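Enquirer: This is model-v5.cif (mmCIF, C-alpha atoms).
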data_final
loop_
_atom_site.label_atom_id
_atom_site.label_comp_id
_atom_site.auth_asym_id
_atom_site.auth_seq_id
_atom_site.Cartn_x
_atom_site.Cartn_y
_atom_site.Cartn_z
CA MET A 1 -35.06 9.79 25.97
CA ASN A 2 -35.93 13.26 24.76
CA ASN A 3 -33.18 15.87 24.84
CA TYR A 4 -31.12 14.19 27.51
CA GLN A 5 -28.14 16.37 28.43
CA LEU A 6 -24.90 14.98 29.83
CA ARG A 7 -21.82 16.80 31.04
CA PHE A 8 -18.44 15.20 31.80
CA SER A 9 -16.19 17.47 33.85
CA GLY A 10 -12.95 17.53 35.76
CA THR A 11 -9.50 18.89 35.00
CA GLY A 12 -7.46 18.82 31.79
CA GLY A 13 -5.67 15.50 31.32
CA GLN A 14 -8.34 13.31 32.93
CA GLY A 15 -9.62 12.04 29.58
CA LEU A 16 -12.97 13.82 29.57
CA MET A 17 -12.94 14.37 25.81
CA LEU A 18 -12.51 10.62 25.30
CA ILE A 19 -15.51 9.96 27.54
CA GLY A 20 -17.53 12.35 25.37
CA ASP A 21 -16.42 10.53 22.23
CA LEU A 22 -17.23 7.09 23.60
CA MET A 23 -20.64 8.09 24.92
CA ALA A 24 -21.45 9.92 21.68
CA HIS A 25 -20.48 6.86 19.68
CA TYR A 26 -22.65 4.67 21.88
CA TYR A 27 -25.79 6.78 21.68
CA GLY A 28 -25.32 7.83 18.05
CA MET A 29 -24.10 4.63 16.46
CA VAL A 30 -25.37 1.85 18.73
CA GLU A 31 -28.65 3.34 19.95
CA ASP A 32 -29.32 5.23 16.70
CA LYS A 33 -30.13 8.46 18.52
CA GLN A 34 -29.35 11.89 17.21
CA ILE A 35 -26.49 13.29 19.20
CA VAL A 36 -24.55 16.50 19.41
CA LEU A 37 -21.20 16.35 21.11
CA LEU A 38 -19.75 19.61 22.33
CA LYS A 39 -16.13 19.77 23.21
CA SER A 40 -14.92 22.96 24.76
CA TYR A 41 -11.23 23.54 24.69
CA GLY A 42 -9.34 26.58 25.65
CA PRO A 43 -6.68 27.69 28.07
CA GLU A 44 -8.65 26.09 30.90
CA ALA A 45 -8.18 22.69 29.23
CA ARG A 46 -4.64 22.54 30.59
CA GLY A 47 -4.93 22.47 34.35
CA GLY A 48 -8.21 24.20 35.08
CA ALA A 49 -11.75 22.93 34.83
CA SER A 50 -12.47 21.04 31.63
CA ARG A 51 -15.58 19.47 30.16
CA SER A 52 -17.26 17.78 27.26
CA GLU A 53 -21.01 17.79 26.81
CA LEU A 54 -23.44 15.56 24.99
CA ILE A 55 -27.03 16.06 23.95
CA VAL A 56 -29.03 12.97 23.03
CA ASP A 57 -32.40 13.19 21.34
CA GLU A 58 -34.79 11.28 19.14
CA GLU A 59 -34.61 14.03 16.52
CA GLU A 60 -32.02 16.48 15.27
CA CYS A 61 -31.50 18.44 18.44
CA TYR A 62 -29.32 21.43 17.92
CA PRO A 63 -29.18 24.41 15.61
CA ALA A 64 -25.48 23.74 14.96
CA ILE A 65 -23.79 26.38 12.86
CA THR A 66 -25.78 29.08 11.16
CA ARG A 67 -23.67 30.20 8.21
CA PRO A 68 -20.57 28.28 7.22
CA ASP A 69 -17.44 30.32 6.56
CA PHE A 70 -15.85 27.16 5.26
CA LEU A 71 -17.38 24.00 3.81
CA LEU A 72 -15.73 20.74 2.82
CA ALA A 73 -18.02 18.66 0.61
CA MET A 74 -16.94 15.14 -0.30
CA SER A 75 -20.18 13.98 -1.94
CA GLN A 76 -22.83 15.49 -4.22
CA GLN A 77 -25.52 14.86 -1.63
CA ALA A 78 -23.51 16.67 1.06
CA TYR A 79 -22.82 19.57 -1.31
CA ASP A 80 -26.49 19.96 -2.20
CA LEU A 81 -27.62 19.70 1.41
CA TYR A 82 -24.95 21.70 3.20
CA THR A 83 -24.59 24.63 0.81
CA GLU A 84 -28.17 25.62 1.68
CA ASP A 85 -27.09 28.11 4.33
CA ALA A 86 -23.84 29.09 2.60
CA ASP A 87 -23.35 32.39 0.80
CA GLU A 88 -20.95 33.99 -1.68
CA ASN A 89 -18.32 34.47 1.03
CA THR A 90 -18.26 30.81 2.01
CA VAL A 91 -15.00 29.14 1.06
CA ILE A 92 -15.75 25.68 -0.31
CA LEU A 93 -13.48 22.73 -0.98
CA ILE A 94 -14.92 19.89 -3.07
CA ASP A 95 -13.70 16.56 -4.30
CA GLU A 96 -14.20 17.35 -8.00
CA ASP A 97 -14.78 13.72 -8.95
CA LEU A 98 -17.51 13.27 -6.35
CA VAL A 99 -19.20 16.66 -6.70
CA LYS A 100 -19.86 17.17 -10.41
CA LYS A 101 -22.71 19.67 -10.20
CA THR A 102 -21.75 22.92 -8.49
CA ASP A 103 -23.57 26.19 -8.00
CA ASP A 104 -22.32 29.48 -9.49
CA ARG A 105 -23.45 31.27 -6.33
CA PHE A 106 -20.19 30.22 -4.66
CA PRO A 107 -17.21 31.81 -6.40
CA LYS A 108 -14.76 30.85 -3.65
CA THR A 109 -14.72 27.17 -4.55
CA TYR A 110 -11.59 25.00 -4.61
CA ARG A 111 -11.80 21.85 -6.75
CA LEU A 112 -9.39 19.02 -6.14
CA PRO A 113 -9.44 15.27 -6.92
CA LEU A 114 -9.07 14.45 -3.21
CA THR A 115 -9.93 10.76 -3.46
CA GLU A 116 -7.90 10.27 -6.65
CA ILE A 117 -4.86 11.86 -4.99
CA ALA A 118 -5.31 9.53 -2.02
CA LYS A 119 -5.53 6.48 -4.29
CA GLU A 120 -2.58 7.48 -6.44
CA LYS A 121 -0.21 8.62 -3.70
CA THR A 122 -1.07 6.26 -0.85
CA GLY A 123 -2.93 3.41 -2.54
CA LYS A 124 -5.89 3.96 -0.19
CA ALA A 125 -9.03 5.94 -1.05
CA ILE A 126 -9.79 6.08 2.67
CA CYS A 127 -6.98 8.60 3.12
CA ALA A 128 -8.96 11.20 1.13
CA ASN A 129 -10.00 12.88 4.37
CA ILE A 130 -6.39 13.58 5.30
CA VAL A 131 -5.65 14.77 1.75
CA ALA A 132 -8.53 17.19 2.37
CA LEU A 133 -6.99 18.17 5.71
CA GLY A 134 -3.73 19.01 3.93
CA ALA A 135 -5.59 21.13 1.40
CA MET A 136 -7.56 22.88 4.16
CA THR A 137 -4.34 23.62 6.01
CA LYS A 138 -3.21 25.60 2.97
CA ILE A 139 -6.59 27.20 2.25
CA LEU A 140 -7.16 28.29 5.85
CA HIS A 141 -3.61 29.60 6.35
CA ILE A 142 -2.90 27.10 9.10
CA ASP A 143 0.75 26.60 10.08
CA PRO A 144 1.58 23.32 8.25
CA ASP A 145 4.23 22.24 10.76
CA LYS A 146 1.90 22.68 13.71
CA MET A 147 -0.83 20.68 11.97
CA LEU A 148 1.74 18.00 11.22
CA GLU A 149 2.48 17.78 14.94
CA VAL A 150 -1.24 17.33 15.65
CA LEU A 151 -1.38 14.46 13.15
CA LYS A 152 1.68 12.80 14.65
CA GLU A 153 0.16 13.05 18.12
CA LYS A 154 -3.38 11.98 17.32
CA LEU A 155 -3.12 9.31 14.60
CA PRO A 156 -2.55 5.73 15.73
CA GLU A 157 0.89 4.37 14.84
CA ARG A 158 -0.32 1.81 12.32
CA ILE A 159 -1.98 4.41 10.03
CA ARG A 160 0.39 7.29 10.69
CA LYS A 161 2.90 7.03 7.86
CA ILE A 162 0.37 6.66 5.06
CA ASN A 163 -1.66 9.56 6.37
CA LEU A 164 1.32 11.86 6.71
CA THR A 165 1.90 11.23 3.00
CA ALA A 166 -1.77 12.01 2.30
CA TYR A 167 -1.45 15.22 4.30
CA GLU A 168 1.63 16.44 2.44
CA GLU A 169 0.09 15.59 -0.94
CA GLY A 170 -3.10 17.50 -0.10
CA TYR A 171 -1.11 20.50 1.00
CA ALA A 172 0.97 20.42 -2.20
CA ALA A 173 -2.04 19.88 -4.44
CA CYS A 174 -3.44 23.13 -3.17
CA GLY A 175 -0.29 25.00 -4.11
CA GLY A 176 1.44 24.72 -0.75
CA LYS A 177 5.23 24.56 -0.91
CA ARG A 178 7.23 22.89 1.89
CA MET B 1 -10.81 35.05 13.82
CA ASN B 2 -14.16 35.81 15.43
CA ASN B 3 -16.77 33.09 15.35
CA TYR B 4 -15.38 31.27 12.36
CA GLN B 5 -17.68 28.39 11.39
CA LEU B 6 -16.47 25.30 9.56
CA ARG B 7 -18.43 22.34 8.27
CA PHE B 8 -16.94 19.04 7.05
CA SER B 9 -19.40 16.99 5.04
CA GLY B 10 -19.69 13.94 2.85
CA THR B 11 -20.99 10.43 3.39
CA GLY B 12 -20.62 8.10 6.37
CA GLY B 13 -17.28 6.28 6.37
CA GLN B 14 -15.24 9.09 4.81
CA GLY B 15 -13.63 10.06 8.11
CA LEU B 16 -15.39 13.38 8.61
CA MET B 17 -15.56 13.01 12.40
CA LEU B 18 -11.79 12.53 12.50
CA ILE B 19 -11.32 15.73 10.49
CA GLY B 20 -13.48 17.53 13.05
CA ASP B 21 -11.37 16.14 15.89
CA LEU B 22 -8.07 17.07 14.28
CA MET B 23 -9.17 20.59 13.38
CA ALA B 24 -10.67 21.10 16.85
CA HIS B 25 -7.43 19.95 18.44
CA TYR B 26 -5.44 22.31 16.25
CA TYR B 27 -7.50 25.42 16.94
CA GLY B 28 -8.19 24.63 20.58
CA MET B 29 -4.87 23.26 21.76
CA VAL B 30 -2.32 24.72 19.34
CA GLU B 31 -3.88 28.11 18.58
CA ASP B 32 -5.45 28.46 22.06
CA LYS B 33 -8.84 29.45 20.64
CA GLN B 34 -12.13 28.57 22.19
CA ILE B 35 -13.74 25.88 20.09
CA VAL B 36 -16.97 23.97 20.02
CA LEU B 37 -17.01 20.79 18.00
CA LEU B 38 -20.40 19.47 16.97
CA LYS B 39 -20.66 15.95 15.78
CA SER B 40 -23.99 14.89 14.42
CA TYR B 41 -24.60 11.21 14.20
CA GLY B 42 -27.74 9.42 13.36
CA PRO B 43 -29.11 7.00 10.81
CA GLU B 44 -27.74 9.22 8.05
CA ALA B 45 -24.22 8.57 9.35
CA ARG B 46 -24.25 5.19 7.66
CA GLY B 47 -24.51 5.82 3.97
CA GLY B 48 -26.29 9.16 3.70
CA ALA B 49 -24.99 12.66 4.18
CA SER B 50 -22.79 13.09 7.25
CA ARG B 51 -21.05 16.05 8.82
CA SER B 52 -19.07 17.45 11.69
CA GLU B 53 -19.00 21.14 12.49
CA LEU B 54 -16.58 23.39 14.29
CA ILE B 55 -16.94 26.87 15.69
CA VAL B 56 -13.76 28.77 16.49
CA ASP B 57 -13.79 31.98 18.49
CA GLU B 58 -11.67 34.16 20.73
CA GLU B 59 -14.16 33.72 23.55
CA GLU B 60 -16.51 31.01 24.77
CA CYS B 61 -18.75 30.79 21.77
CA TYR B 62 -21.70 28.55 22.39
CA PRO B 63 -24.47 28.21 24.93
CA ALA B 64 -23.75 24.47 25.21
CA ILE B 65 -26.20 22.57 27.36
CA THR B 66 -28.72 24.40 29.49
CA ARG B 67 -29.60 22.01 32.31
CA PRO B 68 -27.63 18.85 32.83
CA ASP B 69 -29.63 15.66 33.37
CA PHE B 70 -26.38 13.95 34.22
CA LEU B 71 -23.09 15.33 35.50
CA LEU B 72 -19.77 13.59 36.02
CA ALA B 73 -17.46 15.66 38.25
CA MET B 74 -13.89 14.49 38.74
CA SER B 75 -12.57 17.55 40.56
CA GLN B 76 -13.84 19.96 43.21
CA GLN B 77 -13.42 22.90 40.83
CA ALA B 78 -15.47 21.15 38.15
CA TYR B 79 -18.15 20.25 40.70
CA ASP B 80 -18.44 23.82 41.95
CA LEU B 81 -18.49 25.29 38.46
CA TYR B 82 -20.67 22.80 36.63
CA THR B 83 -23.38 22.23 39.22
CA GLU B 84 -24.38 25.85 38.79
CA ASP B 85 -27.11 25.04 36.28
CA ALA B 86 -27.97 21.64 37.78
CA ASP B 87 -31.09 20.98 39.82
CA GLU B 88 -32.50 18.35 42.18
CA ASN B 89 -33.24 16.00 39.28
CA THR B 90 -29.70 16.04 37.99
CA VAL B 91 -27.98 12.70 38.47
CA ILE B 92 -24.40 13.31 39.59
CA LEU B 93 -21.42 10.98 39.76
CA ILE B 94 -18.39 12.21 41.70
CA ASP B 95 -14.97 10.89 42.52
CA GLU B 96 -15.41 11.02 46.28
CA ASP B 97 -11.71 11.50 46.96
CA LEU B 98 -11.47 14.47 44.62
CA VAL B 99 -14.80 16.12 45.42
CA LYS B 100 -14.97 16.43 49.21
CA LYS B 101 -17.44 19.28 49.48
CA THR B 102 -20.85 18.51 48.01
CA ASP B 103 -24.13 20.36 47.97
CA ASP B 104 -27.29 18.97 49.64
CA ARG B 105 -29.33 20.41 46.77
CA PHE B 106 -28.48 17.31 44.74
CA PRO B 107 -29.94 14.18 46.31
CA LYS B 108 -29.25 11.99 43.26
CA THR B 109 -25.50 11.86 43.82
CA TYR B 110 -23.37 8.74 43.40
CA ARG B 111 -20.03 8.75 45.25
CA LEU B 112 -17.28 6.39 44.14
CA PRO B 113 -13.49 6.39 44.57
CA LEU B 114 -13.01 6.38 40.79
CA THR B 115 -9.32 7.21 40.78
CA GLU B 116 -8.54 4.88 43.68
CA ILE B 117 -10.31 2.01 41.89
CA ALA B 118 -8.26 2.75 38.79
CA LYS B 119 -5.01 2.76 40.76
CA GLU B 120 -5.83 -0.38 42.70
CA LYS B 121 -7.25 -2.49 39.87
CA THR B 122 -5.16 -1.35 36.91
CA GLY B 123 -2.15 0.34 38.50
CA LYS B 124 -2.88 3.50 36.52
CA ALA B 125 -4.75 6.54 37.87
CA ILE B 126 -5.20 7.67 34.25
CA CYS B 127 -7.79 4.91 33.77
CA ALA B 128 -10.17 6.68 36.17
CA ASN B 129 -12.14 8.05 33.22
CA ILE B 130 -12.95 4.54 32.01
CA VAL B 131 -13.82 3.45 35.57
CA ALA B 132 -16.27 6.39 35.46
CA LEU B 133 -17.56 5.16 32.10
CA GLY B 134 -18.26 1.75 33.61
CA ALA B 135 -20.13 3.36 36.49
CA MET B 136 -22.10 5.59 34.10
CA THR B 137 -23.03 2.56 32.03
CA LYS B 138 -24.73 1.14 35.11
CA ILE B 139 -26.25 4.45 36.30
CA LEU B 140 -27.64 5.36 32.87
CA HIS B 141 -29.02 1.86 32.17
CA ILE B 142 -26.79 1.41 29.15
CA ASP B 143 -26.41 -2.11 27.78
CA PRO B 144 -22.99 -3.10 29.20
CA ASP B 145 -22.16 -5.50 26.37
CA LYS B 146 -22.84 -2.91 23.71
CA MET B 147 -20.68 -0.34 25.50
CA LEU B 148 -17.97 -2.98 25.77
CA GLU B 149 -18.10 -3.35 21.98
CA VAL B 150 -17.68 0.42 21.60
CA LEU B 151 -14.59 0.32 23.82
CA LYS B 152 -13.09 -2.58 21.88
CA GLU B 153 -13.66 -0.74 18.63
CA LYS B 154 -12.49 2.72 19.67
CA LEU B 155 -9.59 2.20 22.07
CA PRO B 156 -6.13 1.75 20.59
CA GLU B 157 -4.72 -1.76 21.01
CA ARG B 158 -1.94 -0.79 23.41
CA ILE B 159 -4.30 0.63 26.06
CA ARG B 160 -7.24 -1.66 25.43
CA LYS B 161 -6.73 -4.44 27.97
CA ILE B 162 -6.10 -2.22 30.96
CA ASN B 163 -9.10 -0.06 30.13
CA LEU B 164 -11.43 -3.01 29.71
CA THR B 165 -10.47 -3.94 33.28
CA ALA B 166 -11.16 -0.36 34.40
CA TYR B 167 -14.55 -0.47 32.68
CA GLU B 168 -15.61 -3.72 34.33
CA GLU B 169 -14.44 -2.52 37.75
CA GLY B 170 -16.38 0.74 37.40
CA TYR B 171 -19.50 -1.15 36.39
CA ALA B 172 -19.14 -3.53 39.35
CA ALA B 173 -18.37 -0.73 41.81
CA CYS B 174 -21.72 0.80 40.97
CA GLY B 175 -23.52 -2.43 41.76
CA GLY B 176 -23.56 -3.84 38.25
CA LYS B 177 -23.43 -7.63 38.03
CA ARG B 178 -22.00 -9.34 34.91
#
Once you've parsed the file, please lay out its structure as structure tokens.
Expert:
Amino acid sequence: MNNYQLRFSGTGGQGLMLIGDLMAHYYGMVEDKQIVLLKSYGPEARGGASRSELIVDEEECYPAITRPDFLLAMSQQAYDLYTEDADENTVILIDEDLVKKTDDRFPKTYRLPLTEIAKEKTGKAICANIVALGAMTKILHIDPDKMLEVLKEKLPERIRKINLTAYEEGYAACGGKR
Amino acid sequence: MNNYQLRFSGTGGQGLMLIGDLMAHYYGMVEDKQIVLLKSYGPEARGGASRSELIVDEEECYPAITRPDFLLAMSQQAYDLYTEDADENTVILIDEDLVKKTDDRFPKTYRLPLTEIAKEKTGKAICANIVALGAMTKILHIDPDKMLEVLKEKLPERIRKINLTAYEEGYAACGGKR
């Protein structure tokens, strides 16, 4: 299966993004292929034609992004690998306990103990991603109430409360006041 | 915000795909931007460096796929729009009640009453996407047991049972025996 391209289309509300996710998970995680999942949203997602697309290949199959404006790095390996195409304008957020060695080429770097905050405030290191999301909400000038609504809508009930705490703590740790 | 490129990186298991989903939902659905979300899976997703990437733009911002090998079309509008770059080798699955007008250029077309099957077998038209997933599992020669495991893992508890029925019915409707 070399560069097999799949498109799932219909109208907004038919669950086409979920199909993309499930098929991506199957090919990427079960079949060990390289996949790129492309979700296109936009005004047409509500009512008009809507689609998600999936590329499956034996090897890394897509140029992906060319120069990151923003980079979250939650491990040293990821930092080393994914700063390669960054430049001095790239805004970077690192977990300072997991990325010890940083490069002076990137002055716009935010350092926060994301995983430590998650452990201390929620008791779960796994919530570090949502602590990061809170911090990114502040860094990227995202409306914090609107992002909170997204979290409430998308997170399953059983992990919602703990992650809303993680989100607020990440936002506050980055200097955000609520 | 023109062609703003974000990368979320770390190691497998840190929830980087979820961050991609949440940020994509925010920019695409709340801010009404055009987004493309790229998820890269592969062997590195378990243990090594892992990432998801997001491109945000005012306009459609990515070439996406170039020639679909497979197309699911669950509305006439989607069929008309997304067969444009298809050819005679493209395998197409349509909901035959929602796509009445088809093109003879595409001999490899499967016609199933996806939404009707969902309504009849689960009582919910909304499960048509998972009926389609069952049919695609058969059409694309995917291991049905492995896809079943993906569904069990990824679907929230409260909608799991009904969708497992939808999946099995879609697989059977396409001639799959279990």
Enquirer: What does the distance from CA of Thr165 (chain B) to CA of Lys152 (chain B) come to in Å, to one decimal?
Expert: 11.8 Å
Enquirer: Report as a tab-separated table: every residue of chain A with an atom at most 6 Å from chain B, its closest pair of atoms, and their distance in Å to one decimal, counting only C-alpha atoms, with rows sorted by chain and ascending residue number.
Expert:
residue	atom	partner	partner_atom	distance
A:Gln5	CA	B:Pro68	CA	5.1
A:Leu6	CA	B:Phe70	CA	4.7
A:Arg7	CA	B:Leu71	CA	4.9
A:Phe8	CA	B:Leu72	CA	4.7
A:Ser9	CA	B:Ala73	CA	4.9
A:Gly10	CA	B:Met74	CA	4.4
A:Gly15	CA	B:Asn129	CA	6.0
A:Gly28	CA	B:Tyr41	CA	5.2
A:Asp32	CA	B:Gly42	CA	5.6
A:Lys33	CA	B:Gly42	CA	5.8
A:Gln34	CA	B:Gly42	CA	4.8
A:Ile35	CA	B:Ser40	CA	5.6
A:Val36	CA	B:Ser40	CA	5.3
A:Leu37	CA	B:Leu38	CA	5.2
A:Leu38	CA	B:Leu37	CA	5.3
A:Lys39	CA	B:Val36	CA	5.3
A:Ser40	CA	B:Val36	CA	5.3
A:Tyr41	CA	B:Gly28	CA	5.2
A:Gly42	CA	B:Gln34	CA	4.9
A:Ala49	CA	B:Ala78	CA	5.3
A:Pro68	CA	B:Gln5	CA	5.1
A:Asp69	CA	B:Gln5	CA	5.2
A:Phe70	CA	B:Leu6	CA	4.7
A:Leu71	CA	B:Arg7	CA	4.9
A:Leu72	CA	B:Phe8	CA	4.7
A:Ala73	CA	B:Ser9	CA	4.9
A:Met74	CA	B:Gly10	CA	4.4
A:Ser75	CA	B:Gly10	CA	4.8
A:Ala78	CA	B:Gly10	CA	5.0
A:Asn129	CA	B:Gly15	CA	5.9
Enquirer: What would you get as a short mmCIF file (atom, residue, chain, number, x, y, z; two decimals) with C-alpha atoms, keeping the file's coordinate frame if chain A were moved onto chain B by least squares over all of its C-alpha atoms in order?
Expert:
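selection_0.cif was written with the following content:
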data_model
loop_
_atom_site.label_atom_id
_atom_site.label_comp_id
_atom_site.auth_asym_id
_atom_site.auth_seq_id
_atom_site.Cartn_x
_atom_site.Cartn_y
_atom_site.Cartn_z
CA MET A 1 -10.83 35.04 13.89
CA ASN A 2 -14.16 35.79 15.49
CA ASN A 3 -16.79 33.07 15.39
CA TYR A 4 -15.39 31.27 12.40
CA GLN A 5 -17.67 28.39 11.40
CA LEU A 6 -16.44 25.30 9.58
CA ARG A 7 -18.40 22.35 8.26
CA PHE A 8 -16.90 19.06 7.03
CA SER A 9 -19.37 17.01 5.00
CA GLY A 10 -19.64 13.97 2.80
CA THR A 11 -20.96 10.46 3.36
CA GLY A 12 -20.61 8.13 6.34
CA GLY A 13 -17.28 6.30 6.32
CA GLN A 14 -15.22 9.11 4.78
CA GLY A 15 -13.63 10.06 8.10
CA LEU A 16 -15.37 13.40 8.60
CA MET A 17 -15.57 13.01 12.37
CA LEU A 18 -11.80 12.53 12.49
CA ILE A 19 -11.32 15.73 10.49
CA GLY A 20 -13.48 17.54 13.06
CA ASP A 21 -11.39 16.13 15.89
CA LEU A 22 -8.08 17.07 14.29
CA MET A 23 -9.17 20.59 13.40
CA ALA A 24 -10.68 21.09 16.86
CA HIS A 25 -7.46 19.93 18.46
CA TYR A 26 -5.46 22.30 16.29
CA TYR A 27 -7.52 25.40 16.98
CA GLY A 28 -8.23 24.59 20.63
CA MET A 29 -4.91 23.22 21.79
CA VAL A 30 -2.34 24.70 19.41
CA GLU A 31 -3.91 28.09 18.65
CA ASP A 32 -5.48 28.44 22.11
CA LYS A 33 -8.86 29.42 20.68
CA GLN A 34 -12.16 28.52 22.22
CA ILE A 35 -13.76 25.87 20.11
CA VAL A 36 -17.00 23.96 20.02
CA LEU A 37 -17.03 20.78 18.00
CA LEU A 38 -20.41 19.46 16.95
CA LYS A 39 -20.68 15.94 15.75
CA SER A 40 -24.01 14.88 14.40
CA TYR A 41 -24.62 11.20 14.17
CA GLY A 42 -27.75 9.41 13.32
CA PRO A 43 -29.10 7.00 10.77
CA GLU A 44 -27.75 9.23 8.01
CA ALA A 45 -24.22 8.60 9.30
CA ARG A 46 -24.23 5.21 7.60
CA GLY A 47 -24.50 5.85 3.90
CA GLY A 48 -26.26 9.19 3.65
CA ALA A 49 -24.94 12.69 4.11
CA SER A 50 -22.76 13.10 7.18
CA ARG A 51 -21.03 16.05 8.78
CA SER A 52 -19.06 17.45 11.66
CA GLU A 53 -19.00 21.14 12.46
CA LEU A 54 -16.59 23.38 14.29
CA ILE A 55 -16.96 26.86 15.71
CA VAL A 56 -13.78 28.76 16.52
CA ASP A 57 -13.81 31.95 18.54
CA GLU A 58 -11.68 34.12 20.77
CA GLU A 59 -14.18 33.69 23.61
CA GLU A 60 -16.53 31.00 24.83
CA CYS A 61 -18.77 30.78 21.82
CA TYR A 62 -21.72 28.56 22.40
CA PRO A 63 -24.48 28.21 24.96
CA ALA A 64 -23.78 24.46 25.19
CA ILE A 65 -26.23 22.58 27.35
CA THR A 66 -28.75 24.40 29.48
CA ARG A 67 -29.61 22.02 32.31
CA PRO A 68 -27.63 18.84 32.81
CA ASP A 69 -29.63 15.66 33.36
CA PHE A 70 -26.38 13.95 34.20
CA LEU A 71 -23.09 15.33 35.49
CA LEU A 72 -19.76 13.60 36.01
CA ALA A 73 -17.47 15.66 38.23
CA MET A 74 -13.89 14.50 38.70
CA SER A 75 -12.55 17.57 40.53
CA GLN A 76 -13.82 19.99 43.18
CA GLN A 77 -13.41 22.91 40.81
CA ALA A 78 -15.48 21.17 38.12
CA TYR A 79 -18.15 20.26 40.67
CA ASP A 80 -18.42 23.83 41.94
CA LEU A 81 -18.49 25.30 38.44
CA TYR A 82 -20.67 22.81 36.60
CA THR A 83 -23.37 22.22 39.21
CA GLU A 84 -24.40 25.87 38.78
CA ASP A 85 -27.14 25.05 36.28
CA ALA A 86 -27.98 21.65 37.78
CA ASP A 87 -31.11 20.99 39.82
CA GLU A 88 -32.49 18.37 42.20
CA ASN A 89 -33.25 16.01 39.31
CA THR A 90 -29.69 16.04 37.99
CA VAL A 91 -27.97 12.70 38.47
CA ILE A 92 -24.39 13.32 39.58
CA LEU A 93 -21.41 10.99 39.75
CA ILE A 94 -18.38 12.23 41.70
CA ASP A 95 -14.96 10.89 42.49
CA GLU A 96 -15.40 11.04 46.28
CA ASP A 97 -11.69 11.53 46.94
CA LEU A 98 -11.46 14.49 44.58
CA VAL A 99 -14.79 16.14 45.40
CA LYS A 100 -14.95 16.44 49.19
CA LYS A 101 -17.43 19.30 49.48
CA THR A 102 -20.83 18.51 48.00
CA ASP A 103 -24.12 20.37 47.99
CA ASP A 104 -27.27 18.98 49.65
CA ARG A 105 -29.33 20.41 46.80
CA PHE A 106 -28.47 17.32 44.73
CA PRO A 107 -29.92 14.19 46.32
CA LYS A 108 -29.24 12.02 43.27
CA THR A 109 -25.49 11.89 43.82
CA TYR A 110 -23.36 8.77 43.38
CA ARG A 111 -20.02 8.77 45.23
CA LEU A 112 -17.28 6.43 44.13
CA PRO A 113 -13.47 6.40 44.56
CA LEU A 114 -13.00 6.39 40.77
CA THR A 115 -9.30 7.22 40.76
CA GLU A 116 -8.54 4.89 43.68
CA ILE A 117 -10.30 2.03 41.90
CA ALA A 118 -8.25 2.76 38.78
CA LYS A 119 -5.00 2.76 40.77
CA GLU A 120 -5.83 -0.38 42.71
CA LYS A 121 -7.24 -2.48 39.88
CA THR A 122 -5.14 -1.35 36.91
CA GLY A 123 -2.13 0.34 38.50
CA LYS A 124 -2.87 3.51 36.50
CA ALA A 125 -4.73 6.55 37.84
CA ILE A 126 -5.21 7.66 34.24
CA CYS A 127 -7.78 4.91 33.76
CA ALA A 128 -10.17 6.69 36.16
CA ASN A 129 -12.13 8.04 33.20
CA ILE A 130 -12.95 4.53 32.00
CA VAL A 131 -13.81 3.46 35.56
CA ALA A 132 -16.25 6.38 35.45
CA LEU A 133 -17.55 5.17 32.08
CA GLY A 134 -18.25 1.76 33.61
CA ALA A 135 -20.11 3.37 36.50
CA MET A 136 -22.09 5.59 34.11
CA THR A 137 -23.03 2.56 32.04
CA LYS A 138 -24.73 1.15 35.13
CA ILE A 139 -26.23 4.44 36.31
CA LEU A 140 -27.64 5.36 32.90
CA HIS A 141 -29.02 1.87 32.19
CA ILE A 142 -26.79 1.42 29.16
CA ASP A 143 -26.42 -2.12 27.80
CA PRO A 144 -22.99 -3.12 29.23
CA ASP A 145 -22.17 -5.52 26.39
CA LYS A 146 -22.86 -2.91 23.73
CA MET A 147 -20.69 -0.36 25.53
CA LEU A 148 -17.97 -2.99 25.78
CA GLU A 149 -18.10 -3.38 22.00
CA VAL A 150 -17.69 0.39 21.61
CA LEU A 151 -14.60 0.29 23.83
CA LYS A 152 -13.11 -2.61 21.90
CA GLU A 153 -13.67 -0.76 18.63
CA LYS A 154 -12.50 2.68 19.66
CA LEU A 155 -9.59 2.16 22.08
CA PRO A 156 -6.13 1.70 20.57
CA GLU A 157 -4.73 -1.81 21.00
CA ARG A 158 -1.94 -0.84 23.38
CA ILE A 159 -4.30 0.59 26.04
CA ARG A 160 -7.25 -1.70 25.43
CA LYS A 161 -6.75 -4.47 27.98
CA ILE A 162 -6.10 -2.22 30.96
CA ASN A 163 -9.09 -0.07 30.12
CA LEU A 164 -11.44 -3.01 29.71
CA THR A 165 -10.47 -3.94 33.28
CA ALA A 166 -11.15 -0.35 34.39
CA TYR A 167 -14.54 -0.48 32.68
CA GLU A 168 -15.61 -3.72 34.34
CA GLU A 169 -14.43 -2.51 37.76
CA GLY A 170 -16.38 0.74 37.41
CA TYR A 171 -19.49 -1.13 36.41
CA ALA A 172 -19.13 -3.51 39.37
CA ALA A 173 -18.36 -0.72 41.83
CA CYS A 174 -21.70 0.79 41.01
CA GLY A 175 -23.51 -2.43 41.81
CA GLY A 176 -23.55 -3.84 38.29
CA LYS A 177 -23.41 -7.62 38.08
CA ARG A 178 -22.03 -9.35 34.96
#
Enquirer: Calculated over all atoms listed in the file, which of the candidates A:Asp57, A:Glu84, A:Glu169, A:Asp145 has the smallest distance to Ile117 (chain A)?
Expert: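 Checking each candidate against Ile117 (chain A), we get A:Glu169 as the closest.
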Enquirer: Between CA of Ala86 (chain B) and CA of Gly170 (chain B), what is the distance in Å, rounded to a tenth?
Expert: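 The value is 23.9 Å.
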